[in-house]
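*Asks:* Enclosed is the structure file protein-v9.cif (mmCIF, C-alpha atoms and all ligand atoms).
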```cif
data_upload
#
loop_
_atom_site.group_PDB
_atom_site.id
_atom_site.type_symbol
_atom_site.label_atom_id
_atom_site.label_comp_id
_atom_site.auth_asym_id
_atom_site.auth_seq_id
_atom_site.Cartn_x
_atom_site.Cartn_y
_atom_site.Cartn_z
ATOM 1 C CA MET A 207 27.120 -8.523 -13.968
ATOM 2 C CA LYS A 208 25.820 -6.112 -16.571
ATOM 3 C CA ALA A 209 22.611 -4.386 -17.654
ATOM 4 C CA GLU A 210 21.685 -1.977 -20.445
ATOM 5 C CA LYS A 211 21.420 1.439 -18.833
ATOM 6 C CA VAL A 212 22.540 3.272 -15.716
ATOM 7 C CA TRP A 213 20.786 6.370 -14.389
ATOM 8 C CA MET A 214 23.375 9.131 -13.858
ATOM 9 C CA ASP A 215 22.400 12.590 -12.633
ATOM 10 C CA GLY A 216 19.001 12.445 -14.271
ATOM 11 C CA LYS A 217 19.941 10.749 -17.548
ATOM 12 C CA MET A 218 19.896 7.154 -18.746
ATOM 13 C CA VAL A 219 23.433 6.290 -19.870
ATOM 14 C CA ASP A 220 24.682 3.133 -21.622
ATOM 15 C CA TRP A 221 26.144 0.669 -19.104
ATOM 16 C CA ASP A 222 29.640 0.884 -20.654
ATOM 17 C CA LYS A 223 29.579 4.684 -20.674
ATOM 18 C CA ALA A 224 28.548 5.087 -17.033
ATOM 19 C CA GLN A 225 31.974 6.372 -16.011
ATOM 20 C CA VAL A 226 33.554 8.954 -13.708
ATOM 21 C CA HIS A 227 36.795 10.955 -13.752
ATOM 22 C CA VAL A 228 39.750 9.440 -11.830
ATOM 23 C CA CYS A 229 39.852 12.593 -9.705
ATOM 24 C CA THR A 230 36.362 11.959 -8.336
ATOM 25 C CA HIS A 231 36.600 12.801 -4.616
ATOM 26 C CA ALA A 232 34.703 9.658 -3.546
ATOM 27 C CA LEU A 233 37.152 7.422 -5.412
ATOM 28 C CA HIS A 234 40.005 8.776 -3.290
ATOM 29 C CA TYR A 235 38.357 9.191 0.114
ATOM 30 C CA GLY A 236 35.182 7.070 0.136
ATOM 31 C CA SER A 237 32.991 10.180 0.344
ATOM 32 C CA GLY A 238 29.799 8.630 -0.929
ATOM 33 C CA VAL A 239 26.721 6.921 0.460
ATOM 34 C CA PHE A 240 24.775 4.103 -1.114
ATOM 35 C CA GLU A 241 21.872 1.710 -0.834
ATOM 36 C CA GLY A 242 21.273 -1.909 -1.701
ATOM 37 C CA ILE A 243 17.682 -2.700 -2.606
ATOM 38 C CA ARG A 244 15.997 -5.691 -4.229
ATOM 39 C CA ALA A 245 13.074 -5.943 -6.605
ATOM 40 C CA TYR A 246 11.269 -9.271 -6.878
ATOM 41 C CA GLU A 247 9.039 -10.804 -9.496
ATOM 42 C CA THR A 248 5.500 -11.190 -8.169
ATOM 43 C CA GLU A 249 2.225 -12.313 -9.726
ATOM 44 C CA LYS A 250 1.258 -8.662 -10.213
ATOM 45 C CA GLY A 251 4.583 -7.627 -11.758
ATOM 46 C CA THR A 252 7.912 -6.458 -10.390
ATOM 47 C CA ALA A 253 7.831 -5.091 -6.853
ATOM 48 C CA ILE A 254 10.586 -3.255 -4.969
ATOM 49 C CA PHE A 255 10.922 -4.339 -1.350
ATOM 50 C CA ARG A 256 10.635 -1.449 1.135
ATOM 51 C CA LEU A 257 11.700 1.228 -1.363
ATOM 52 C CA LYS A 258 10.508 4.010 0.945
ATOM 53 C CA GLU A 259 12.666 2.831 3.855
ATOM 54 C CA HIS A 260 15.728 2.440 1.626
ATOM 55 C CA ILE A 261 15.332 5.922 0.140
ATOM 56 C CA ASP A 262 14.766 7.391 3.619
ATOM 57 C CA ARG A 263 17.995 5.732 4.779
ATOM 58 C CA LEU A 264 19.848 7.027 1.689
ATOM 59 C CA TYR A 265 18.764 10.592 2.452
ATOM 60 C CA ASN A 266 19.716 10.173 6.118
ATOM 61 C CA SER A 267 23.136 8.809 5.120
ATOM 62 C CA ALA A 268 23.601 11.818 2.805
ATOM 63 C CA LYS A 269 22.545 14.193 5.592
ATOM 64 C CA ILE A 270 25.089 12.665 7.990
ATOM 65 C CA LEU A 271 27.840 13.107 5.372
ATOM 66 C CA LYS A 272 26.568 16.651 4.679
ATOM 67 C CA MET A 273 25.542 16.041 1.082
ATOM 68 C CA GLU A 274 22.396 17.594 -0.292
ATOM 69 C CA ILE A 275 20.746 15.314 -2.845
ATOM 70 C CA PRO A 276 19.462 17.551 -5.670
ATOM 71 C CA TYR A 277 16.230 15.541 -6.108
ATOM 72 C CA SER A 278 13.141 15.067 -3.986
ATOM 73 C CA LYS A 279 12.664 11.608 -2.488
ATOM 74 C CA GLU A 280 9.716 11.121 -4.837
ATOM 75 C CA GLU A 281 11.889 11.943 -7.861
ATOM 76 C CA PHE A 282 14.574 9.549 -6.640
ATOM 77 C CA LYS A 283 12.049 6.733 -6.142
ATOM 78 C CA GLN A 284 10.682 7.317 -9.624
ATOM 79 C CA ALA A 285 14.223 7.204 -11.033
ATOM 80 C CA VAL A 286 14.693 3.793 -9.362
ATOM 81 C CA ARG A 287 11.458 2.468 -10.925
ATOM 82 C CA ASN A 288 12.381 3.915 -14.331
ATOM 83 C CA THR A 289 15.845 2.355 -14.256
ATOM 84 C CA ILE A 290 14.363 -1.100 -13.667
ATOM 85 C CA LYS A 291 11.840 -0.568 -16.492
ATOM 86 C CA GLU A 292 14.503 0.759 -18.854
ATOM 87 C CA ASN A 293 16.535 -2.424 -18.282
ATOM 88 C CA ASN A 294 13.548 -4.752 -18.699
ATOM 89 C CA LEU A 295 14.376 -6.614 -15.508
ATOM 90 C CA LYS A 296 11.745 -8.684 -13.701
ATOM 91 C CA SER A 297 13.844 -9.062 -10.569
ATOM 92 C CA CYS A 298 17.076 -7.309 -9.720
ATOM 93 C CA TYR A 299 19.431 -5.775 -7.204
ATOM 94 C CA ILE A 300 19.377 -1.968 -7.138
ATOM 95 C CA ARG A 301 22.372 0.171 -6.204
ATOM 96 C CA PRO A 302 21.743 3.904 -5.734
ATOM 97 C CA LEU A 303 24.939 5.885 -5.098
ATOM 98 C CA VAL A 304 25.328 9.515 -4.025
ATOM 99 C CA TYR A 305 28.920 10.692 -4.118
ATOM 100 C CA ARG A 306 31.241 13.670 -4.092
ATOM 101 C CA GLY A 307 32.486 14.297 -7.620
ATOM 102 C CA PHE A 308 35.448 16.366 -8.769
ATOM 103 C CA GLU A 309 36.230 19.967 -7.992
ATOM 104 C CA GLN A 310 39.351 19.733 -5.840
ATOM 105 C CA LEU A 311 41.145 16.828 -4.211
ATOM 106 C CA GLY A 312 41.870 17.957 -0.676
ATOM 107 C CA VAL A 313 40.172 15.954 2.065
ATOM 108 C CA ASN A 314 37.501 18.668 2.458
ATOM 109 C CA PRO A 315 34.589 17.420 0.329
ATOM 110 C CA LEU A 316 32.341 20.438 0.785
ATOM 111 C CA LYS A 317 33.303 22.178 -2.466
ATOM 112 C CA CYS A 318 32.854 19.058 -4.613
ATOM 113 C CA PRO A 319 29.591 18.489 -6.486
ATOM 114 C CA VAL A 320 27.100 15.888 -5.260
ATOM 115 C CA ASN A 321 26.530 13.335 -8.031
ATOM 116 C CA CYS A 322 23.923 10.579 -8.113
ATOM 117 C CA ALA A 323 23.649 7.264 -9.912
ATOM 118 C CA ILE A 324 21.415 4.200 -9.919
ATOM 119 C CA ALA A 325 22.651 0.876 -11.296
ATOM 120 C CA VAL A 326 20.508 -2.269 -11.463
ATOM 121 C CA TRP A 327 21.444 -5.822 -12.403
ATOM 122 C CA GLU A 328 20.330 -9.387 -11.982
ATOM 123 C CA TRP A 329 21.783 -10.834 -8.792
ATOM 124 C CA GLY A 330 20.860 -14.204 -7.342
ATOM 125 C CA ALA A 331 21.629 -15.523 -3.868
ATOM 126 C CA TYR A 332 24.484 -13.435 -2.374
ATOM 127 C CA LEU A 333 25.987 -16.311 -0.402
ATOM 128 C CA GLY A 334 25.021 -19.056 -2.877
ATOM 129 C CA GLU A 335 21.648 -20.732 -3.480
ATOM 130 C CA GLU A 336 22.478 -23.810 -1.397
ATOM 131 C CA ALA A 337 23.307 -21.578 1.599
ATOM 132 C CA PHE A 338 19.572 -21.089 2.226
ATOM 133 C CA LYS A 339 19.205 -24.772 3.227
ATOM 134 C CA LYS A 340 22.687 -25.841 4.260
ATOM 135 C CA GLY A 341 23.798 -22.656 5.977
ATOM 136 C CA ILE A 342 27.184 -20.963 5.708
ATOM 137 C CA ARG A 343 30.470 -21.106 7.626
ATOM 138 C CA THR A 344 31.657 -18.038 9.517
ATOM 139 C CA LYS A 345 34.429 -16.861 11.786
ATOM 140 C CA ILE A 346 34.869 -14.074 14.284
ATOM 141 C CA SER A 347 36.985 -11.498 12.507
ATOM 142 C CA SER A 348 40.312 -10.336 13.860
ATOM 143 C CA TYR A 349 39.159 -6.883 12.701
ATOM 144 C CA ALA A 350 36.954 -4.912 15.111
ATOM 145 C CA ARG A 351 33.887 -3.127 13.719
ATOM 146 C CA SER A 352 34.700 0.592 13.450
ATOM 147 C CA TYR A 353 34.483 2.216 16.872
ATOM 148 C CA ILE A 354 31.175 4.048 17.283
ATOM 149 C CA ASN A 355 32.947 7.424 17.416
ATOM 150 C CA SER A 356 35.259 6.767 14.464
ATOM 151 C CA THR A 357 32.575 6.962 11.788
ATOM 152 C CA SER A 358 28.789 6.696 11.541
ATOM 153 C CA GLN A 359 26.996 3.371 11.872
ATOM 154 C CA LYS A 360 23.656 4.881 10.853
ATOM 155 C CA ALA A 361 25.010 6.042 7.516
ATOM 156 C CA LYS A 362 25.799 3.599 4.730
ATOM 157 C CA ILE A 363 29.018 5.399 3.790
ATOM 158 C CA CYS A 364 31.258 3.985 1.031
ATOM 159 C CA GLY A 365 34.428 4.487 3.098
ATOM 160 C CA ASN A 366 32.976 2.446 5.981
ATOM 161 C CA TYR A 367 33.177 -0.637 3.818
ATOM 162 C CA VAL A 368 36.971 -0.838 3.980
ATOM 163 C CA ASN A 369 36.361 -2.283 7.452
ATOM 164 C CA SER A 370 33.994 -4.852 5.900
ATOM 165 C CA ILE A 371 36.435 -5.591 3.067
ATOM 166 C CA PHE A 372 39.254 -6.466 5.508
ATOM 167 C CA ALA A 373 36.933 -8.786 7.436
ATOM 168 C CA LYS A 374 35.560 -10.410 4.270
ATOM 169 C CA MET A 375 39.003 -10.969 2.695
ATOM 170 C CA GLU A 376 40.279 -12.552 5.899
ATOM 171 C CA ALA A 377 37.236 -14.857 6.115
ATOM 172 C CA ILE A 378 37.530 -15.972 2.480
ATOM 173 C CA GLU A 379 41.285 -16.513 2.752
ATOM 174 C CA GLU A 380 40.731 -18.660 5.828
ATOM 175 C CA GLY A 381 38.243 -20.802 3.907
ATOM 176 C CA VAL A 382 34.912 -19.671 5.403
ATOM 177 C CA ASP A 383 32.082 -17.760 3.764
ATOM 178 C CA GLU A 384 31.587 -14.712 5.942
ATOM 179 C CA ALA A 385 32.979 -12.791 8.919
ATOM 180 C CA ILE A 386 31.257 -11.740 12.142
ATOM 181 C CA LEU A 387 32.785 -8.615 13.655
ATOM 182 C CA LEU A 388 33.023 -7.698 17.339
ATOM 183 C CA ASP A 389 33.111 -4.074 18.471
ATOM 184 C CA THR A 390 36.198 -2.563 20.097
ATOM 185 C CA GLN A 391 34.987 -3.819 23.502
ATOM 186 C CA GLY A 392 34.467 -7.367 22.261
ATOM 187 C CA TYR A 393 30.688 -7.325 21.915
ATOM 188 C CA VAL A 394 29.124 -9.000 18.876
ATOM 189 C CA THR A 395 28.043 -6.627 16.096
ATOM 190 C CA GLU A 396 27.242 -7.962 12.599
ATOM 191 C CA GLY A 397 28.612 -9.486 9.397
ATOM 192 C CA SER A 398 30.533 -7.612 6.698
ATOM 193 C CA GLY A 399 27.213 -6.738 5.025
ATOM 194 C CA GLU A 400 24.522 -8.428 7.113
ATOM 195 C CA ASN A 401 22.820 -8.109 10.487
ATOM 196 C CA LEU A 402 23.028 -11.050 12.868
ATOM 197 C CA PHE A 403 20.351 -12.993 14.742
ATOM 198 C CA TRP A 404 20.605 -15.974 17.077
ATOM 199 C CA VAL A 405 18.076 -18.259 18.753
ATOM 200 C CA ARG A 406 18.325 -19.706 22.266
ATOM 201 C CA ASN A 407 15.544 -21.678 23.931
ATOM 202 C CA GLY A 408 13.011 -20.410 21.403
ATOM 203 C CA VAL A 409 13.809 -16.709 21.923
ATOM 204 C CA ILE A 410 15.235 -14.744 18.986
ATOM 205 C CA TYR A 411 18.018 -12.258 19.735
ATOM 206 C CA THR A 412 19.760 -9.602 17.674
ATOM 207 C CA THR A 413 22.372 -6.957 18.445
ATOM 208 C CA PRO A 414 21.283 -3.387 19.317
ATOM 209 C CA THR A 415 21.668 -0.843 16.513
ATOM 210 C CA ALA A 416 24.156 1.519 18.202
ATOM 211 C CA THR A 417 27.102 -0.383 16.697
ATOM 212 C CA VAL A 418 25.505 -1.897 13.577
ATOM 213 C CA LEU A 419 23.740 -0.671 10.472
ATOM 214 C CA GLU A 420 19.985 -0.276 11.014
ATOM 215 C CA GLY A 421 19.144 -3.011 8.540
ATOM 216 C CA ILE A 422 15.818 -2.840 6.769
ATOM 217 C CA THR A 423 15.674 -6.636 6.508
ATOM 218 C CA ARG A 424 16.521 -6.777 10.226
ATOM 219 C CA ASP A 425 13.536 -4.533 10.928
ATOM 220 C CA ALA A 426 11.280 -6.649 8.688
ATOM 221 C CA VAL A 427 12.408 -9.905 10.328
ATOM 222 C CA ILE A 428 11.810 -8.521 13.837
ATOM 223 C CA LYS A 429 8.247 -7.480 12.899
ATOM 224 C CA VAL A 430 7.470 -10.704 11.060
ATOM 225 C CA ALA A 431 8.910 -12.906 13.837
ATOM 226 C CA GLN A 432 6.848 -11.048 16.442
ATOM 227 C CA ASP A 433 3.724 -11.414 14.283
ATOM 228 C CA MET A 434 4.484 -15.141 14.110
ATOM 229 C CA GLY A 435 4.454 -15.247 17.911
ATOM 230 C CA TYR A 436 8.186 -15.331 18.597
ATOM 231 C CA GLN A 437 9.751 -13.275 21.337
ATOM 232 C CA VAL A 438 12.483 -11.032 19.880
ATOM 233 C CA GLN A 439 15.008 -9.210 22.040
ATOM 234 C CA GLU A 440 17.961 -6.925 21.394
ATOM 235 C CA LYS A 441 20.978 -8.058 23.368
ATOM 236 C CA ARG A 442 24.663 -7.172 23.736
ATOM 237 C CA THR A 443 26.633 -10.340 23.958
ATOM 238 C CA GLY A 444 30.033 -11.938 23.494
ATOM 239 C CA ARG A 445 31.117 -14.491 20.917
ATOM 240 C CA ASP A 446 30.627 -17.370 23.390
ATOM 241 C CA GLU A 447 26.846 -16.963 23.404
ATOM 242 C CA LEU A 448 26.879 -17.481 19.644
ATOM 243 C CA TYR A 449 28.867 -20.716 20.067
ATOM 244 C CA ILE A 450 26.096 -22.196 22.240
ATOM 245 C CA SER A 451 23.124 -20.782 20.374
ATOM 246 C CA ASP A 452 20.575 -23.188 18.865
ATOM 247 C CA GLU A 453 20.421 -21.272 15.579
ATOM 248 C CA LEU A 454 22.274 -18.406 13.996
ATOM 249 C CA PHE A 455 21.359 -16.443 10.864
ATOM 250 C CA PHE A 456 22.182 -13.356 8.836
ATOM 251 C CA THR A 457 19.727 -10.889 7.331
ATOM 252 C CA GLY A 458 20.324 -8.319 4.628
ATOM 253 C CA THR A 459 19.056 -7.142 1.274
ATOM 254 C CA ALA A 460 21.767 -9.123 -0.512
ATOM 255 C CA ALA A 461 21.894 -12.053 1.953
ATOM 256 C CA GLU A 462 18.085 -12.137 2.517
ATOM 257 C CA VAL A 463 17.697 -14.713 5.354
ATOM 258 C CA THR A 464 20.803 -16.928 5.353
ATOM 259 C CA PRO A 465 21.373 -19.566 8.048
ATOM 260 C CA ILE A 466 24.820 -19.979 9.618
ATOM 261 C CA ARG A 467 25.869 -23.551 10.272
ATOM 262 C CA GLU A 468 29.268 -22.920 11.764
ATOM 263 C CA ILE A 469 31.183 -20.226 13.619
ATOM 264 C CA ASP A 470 34.895 -20.548 14.553
ATOM 265 C CA ASN A 471 34.669 -24.298 13.845
ATOM 266 C CA TYR A 472 31.789 -24.728 16.326
ATOM 267 C CA GLN A 473 28.784 -26.420 14.735
ATOM 268 C CA ILE A 474 25.515 -24.583 15.356
ATOM 269 C CA GLY A 475 22.474 -26.749 16.055
ATOM 270 C CA GLU A 476 22.422 -29.639 13.633
ATOM 271 C CA GLY A 477 24.751 -27.911 11.212
ATOM 272 C CA LYS A 478 22.018 -26.862 8.780
ATOM 273 C CA CYS A 479 19.130 -24.380 8.599
ATOM 274 C CA GLY A 480 17.304 -24.609 11.961
ATOM 275 C CA PRO A 481 13.492 -24.683 12.366
ATOM 276 C CA VAL A 482 12.998 -21.072 13.537
ATOM 277 C CA THR A 483 15.252 -19.734 10.779
ATOM 278 C CA GLU A 484 13.393 -21.865 8.239
ATOM 279 C CA ASN A 485 9.994 -20.536 9.345
ATOM 280 C CA ILE A 486 11.178 -16.939 9.086
ATOM 281 C CA GLN A 487 12.965 -17.534 5.792
ATOM 282 C CA LYS A 488 9.827 -19.066 4.227
ATOM 283 C CA LYS A 489 7.701 -16.175 5.428
ATOM 284 C CA PHE A 490 10.254 -13.637 4.152
ATOM 285 C CA PHE A 491 10.306 -15.101 0.638
ATOM 286 C CA ALA A 492 6.502 -15.275 0.557
ATOM 287 C CA ILE A 493 6.309 -11.603 1.598
ATOM 288 C CA VAL A 494 8.762 -10.326 -1.017
ATOM 289 C CA LYS A 495 6.936 -12.295 -3.697
ATOM 290 C CA GLY A 496 3.655 -10.592 -2.765
ATOM 291 C CA GLU A 497 2.029 -13.730 -1.355
ATOM 292 C CA GLU A 498 1.290 -12.258 2.086
ATOM 293 C CA GLU A 499 -1.658 -9.840 2.163
ATOM 294 C CA LYS A 500 -0.623 -8.445 5.531
ATOM 295 C CA TYR A 501 2.696 -7.085 4.288
ATOM 296 C CA LEU A 502 1.695 -5.803 0.845
ATOM 297 C CA SER A 503 2.405 -2.231 1.994
ATOM 298 C CA TRP A 504 6.114 -3.165 1.956
ATOM 299 C CA LEU A 505 5.987 -3.668 -1.811
ATOM 300 C CA ASP A 506 6.310 -0.890 -4.375
ATOM 301 C CA TYR A 507 5.057 -2.122 -7.753
ATOM 302 C CA ILE A 508 6.906 -0.475 -10.624
HETATM 303 N N1 LIG B 1 24.945 -4.410 7.966
HETATM 304 C C1 LIG B 1 25.764 -3.972 6.989
HETATM 305 C C2 LIG B 1 27.148 -3.557 7.351
HETATM 306 C C3 LIG B 1 25.308 -3.902 5.661
HETATM 307 O O1 LIG B 1 26.127 -3.475 4.700
HETATM 308 C C4 LIG B 1 23.995 -4.320 5.352
HETATM 309 C C5 LIG B 1 23.503 -4.269 3.937
HETATM 310 N N2 LIG B 1 22.924 -3.030 3.630
HETATM 311 C C6 LIG B 1 23.179 -4.778 6.404
HETATM 312 C C7 LIG B 1 23.687 -4.803 7.695
HETATM 313 C C8 LIG B 1 21.767 -5.197 6.151
HETATM 314 O O2 LIG B 1 20.964 -4.086 5.864
HETATM 315 P P1 LIG B 1 19.674 -4.209 4.946
HETATM 316 O O3 LIG B 1 18.838 -5.294 5.524
HETATM 317 O O4 LIG B 1 19.037 -2.875 5.053
HETATM 318 O O5 LIG B 1 20.151 -4.533 3.589
#
```
Please render this file's structure as structure tokens.

*Replies:*
Amino acid sequence: MKAEKVWMDGKMVDWDKAQVHVCTHALHYGSGVFEGIRAYETEKGTAIFRLKEHIDRLYNSAKILKMEIPYSKEEFKQAVRNTIKENNLKSCYIRPLVYRGFEQLGVNPLKCPVNCAIAVWEWGAYLGEEAFKKGIRTKISSYARSYINSTSQKAKICGNYVNSIFAKMEAIEEGVDEAILLDTQGYVTEGSGENLFWVRNGVIYTTPTATVLEGITRDAVIKVAQDMGYQVQEKRTGRDELYISDELFFTGTAAEVTPIREIDNYQIGEGKCGPVTENIQKKFFAIVKGEEEKYLSWLDYI
């Protein structure tokens, strides 16, 4: 994972020189917010998927953590486009980061400067290329998703991801690909970095957003599935409903639309990508590649 240049506080910096001081507040306390965005190669050039929504979420995350980003949203979006151009990438993953820098190292972040960076790099299938057809193996994590009043679920805060890291490490060490976390009451939430959907009797379900990140892919999949004629419902449920679902899949910028073939050693459906998931996955990839007229407004050509 490497590219040529990183955008840091308004300047393009060589990849190897894009560094921070060890006393950066965010490094000690997780006081930063970030985004994960993808740009895809299309017939009309590189297009960023739902850039506006990602930048809106970044600014909302920063607001929740009381950080004022010293750029307008338009300037930030232009910096994202410029960083991709500067690196000559046709398709890439984009990681904007807004973080508390160094001034003092008490827990109080309010005196520390707000620094910004944008890194981009080539990144293929997050859970492996063959996962799109075969599906992945998951387990219910022994770690609960952070309690709703312990941190913010709406904000994509760096420190929140320690919860995801524990769940992911446990899953990998137990020989599966990804974790599914329950909330502190035992209701299903999401993966370590993905929203969760399941299908029962032709109806598509997903968890309500109170206890999960408001995923932009989740939102896209709900709209697209409804346009395709599927009924989509938000539902609080326990792990047992997942065990008896016909299909199960993750959505996310990194994970895109990834089928789940197993959870806690229960096989889901036929143990491969199910028909509803496949329909949605095909549509999703056509949309991001600019092949669907109806959803062209989701693409930002650089
Ligand atoms: N949940 C979590 C915890 C995540 O980190 C992500 C990735 N941003 C998602 C869901 C999916 O969100 P999106 O579709 O906006 O990438």

*Asks:* List every residue of chain A that has an atom at most 10 Å from any atom of ligand LIG 1 (chain B), and for each one report the closest atom pair and its distance in Å to one decimal, counting only C-alpha atoms and all ligand atoms, with rows sorted by chain and then by increasing residue number, as CSV.

*Replies:*
```
residue,atom,partner,partner_atom,distance
A:Phe240,CA,B:LIG1,N2,8.8
A:Glu241,CA,B:LIG1,N2,6.6
A:Gly242,CA,B:LIG1,N2,5.7
A:Ile243,CA,B:LIG1,O5,6.9
A:Arg244,CA,B:LIG1,O5,8.9
A:Arg256,CA,B:LIG1,O4,9.4
A:Glu259,CA,B:LIG1,O4,8.6
A:His260,CA,B:LIG1,O4,7.1
A:Arg263,CA,B:LIG1,O4,8.7
A:Arg351,CA,B:LIG1,C2,9.3
A:Gln359,CA,B:LIG1,C2,8.3
A:Lys360,CA,B:LIG1,C2,9.8
A:Ala361,CA,B:LIG1,C2,9.8
A:Lys362,CA,B:LIG1,O1,7.1
A:Ile363,CA,B:LIG1,O1,9.4
A:Cys364,CA,B:LIG1,O1,9.8
A:Asn366,CA,B:LIG1,C2,8.5
A:Tyr367,CA,B:LIG1,C2,7.6
A:Asn369,CA,B:LIG1,C2,9.3
A:Ser370,CA,B:LIG1,C2,7.1
A:Leu387,CA,B:LIG1,C2,9.9
A:Thr395,CA,B:LIG1,N1,9.0
A:Glu396,CA,B:LIG1,N1,6.3
A:Gly397,CA,B:LIG1,N1,6.4
A:Ser398,CA,B:LIG1,C2,5.3
A:Gly399,CA,B:LIG1,O1,3.5
A:Glu400,CA,B:LIG1,C7,3.8
A:Asn401,CA,B:LIG1,C7,4.4
A:Leu402,CA,B:LIG1,C7,8.1
A:Thr415,CA,B:LIG1,N1,9.8
A:Thr417,CA,B:LIG1,N1,9.9
A:Val418,CA,B:LIG1,N1,6.2
A:Leu419,CA,B:LIG1,N1,4.7
A:Glu420,CA,B:LIG1,O2,6.5
A:Gly421,CA,B:LIG1,O2,3.4
A:Ile422,CA,B:LIG1,O4,3.6
A:Thr423,CA,B:LIG1,O3,3.6
A:Arg424,CA,B:LIG1,O3,5.4
A:Asp425,CA,B:LIG1,O3,7.6
A:Ala426,CA,B:LIG1,O3,8.3
A:Val427,CA,B:LIG1,O3,9.3
A:Phe456,CA,B:LIG1,C8,8.6
A:Thr457,CA,B:LIG1,O3,5.9
A:Gly458,CA,B:LIG1,O3,3.5
A:Thr459,CA,B:LIG1,O5,3.7
A:Ala460,CA,B:LIG1,O5,6.4
A:Ala461,CA,B:LIG1,O5,7.9
A:Glu462,CA,B:LIG1,O3,7.5
A:Val463,CA,B:LIG1,O3,9.5
```

*Asks:* Mind telling me what the PyMOL selection byres (((chain A and resi 391) around 10) and not hetatm) catches here, as an MDAnalysis selection string?

*Replies:* chainID A and resid 350:351 353 388:390 392:394 444

*Asks:* Please write as an MDAnalysis selection string the full residue list that the PyMOL selection byres (((chain A and resi 224) around 10) and not hetatm) yields on this file.

*Replies:* chainID A and resid 211:214 218:223 225:226 323 325

*Asks:* Could you check the closest approach to A:Ala209 for each of A:Lys495, A:Lys488, A:Lys429, A:Lys291 and tell me which residue wins, using all atoms listed in the file?

*Replies:*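 Of A:Lys495, A:Lys488, A:Lys429, A:Lys291, the one nearest A:Ala209 is A:Lys291, counting all atoms listed in the file.
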
*Asks:* Env of A:Ala492: 12 Å cut, atoms = all atoms listed in the file, seq-sep filter 6 positions within chain, self excluded. Answer as a list in words.

*Replies:*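 Once the adjacent positions are removed, what remains is Tyr246, Glu247, Thr248, Glu249, Phe255, Val430, Asn485, Ile486, Glu498, Glu499, Lys500, Tyr501, Leu502 and Leu505 of chain A.
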
*Asks:* Which residue out of A:Ala337, A:Ala245, A:Val239, A:Ile324 has the minimum interatomic distance to A:Ile270 when only C-alpha atoms are used?

*Replies:*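 Result for the nearest residue to A:Ile270: A:Val239.
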
*Asks:* For atom CA of A:Leu303 and atom CA of A:Asn288, determine how far apart the two atoms are, in Å to one decimal place.

*Replies:*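 Pair atom CA of A:Leu303 / atom CA of A:Asn288 returns 15.7 Å.
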
*Asks:* Return the single residue from A:Cys479, A:Ile410, A:Phe308, A:Ser451 that is closest to A:Gln437, with distances computed using all atoms listed in the file.

*Replies:*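 Comparing A:Cys479, A:Ile410, A:Phe308, A:Ser451 against A:Gln437, the winner is A:Ile410.
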
*Asks:* Using all atoms listed in the file, which protein or nucleic acid residues come within 8 Å of A:Gly480? Drop anything in the same chain fewer than 2 positions from it, and give the result as number ranges by chain.

*Replies:* A: 452-453, 465, 475-476, 478, 482-484

*Asks:* Check the smallest atom-to-atom distance from each of A:Asn294, A:Ile450, A:Ile254, A:Glu280 to A:Asn407 using all atoms listed in the file, then report the winner.

*Replies:*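 Ranking A:Asn294, A:Ile450, A:Ile254, A:Glu280 by distance to A:Asn407, first place goes to A:Ile450.
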
*Asks:* Selected by the PyMOL selection byres (((chain A and resi 374) around 12) and not hetatm) in the shown coordinates: which residues, as a ChimeraX atom specification?

*Replies:* /A:344-349,367-373,375-387,397-400

*Asks:* List the neighbours of A:Met207 out to 10 Å using only C-alpha atoms; skip same-chain residues closer than 4 positions along the sequence, and give me the result as a count of residues only.

*Replies:* 4
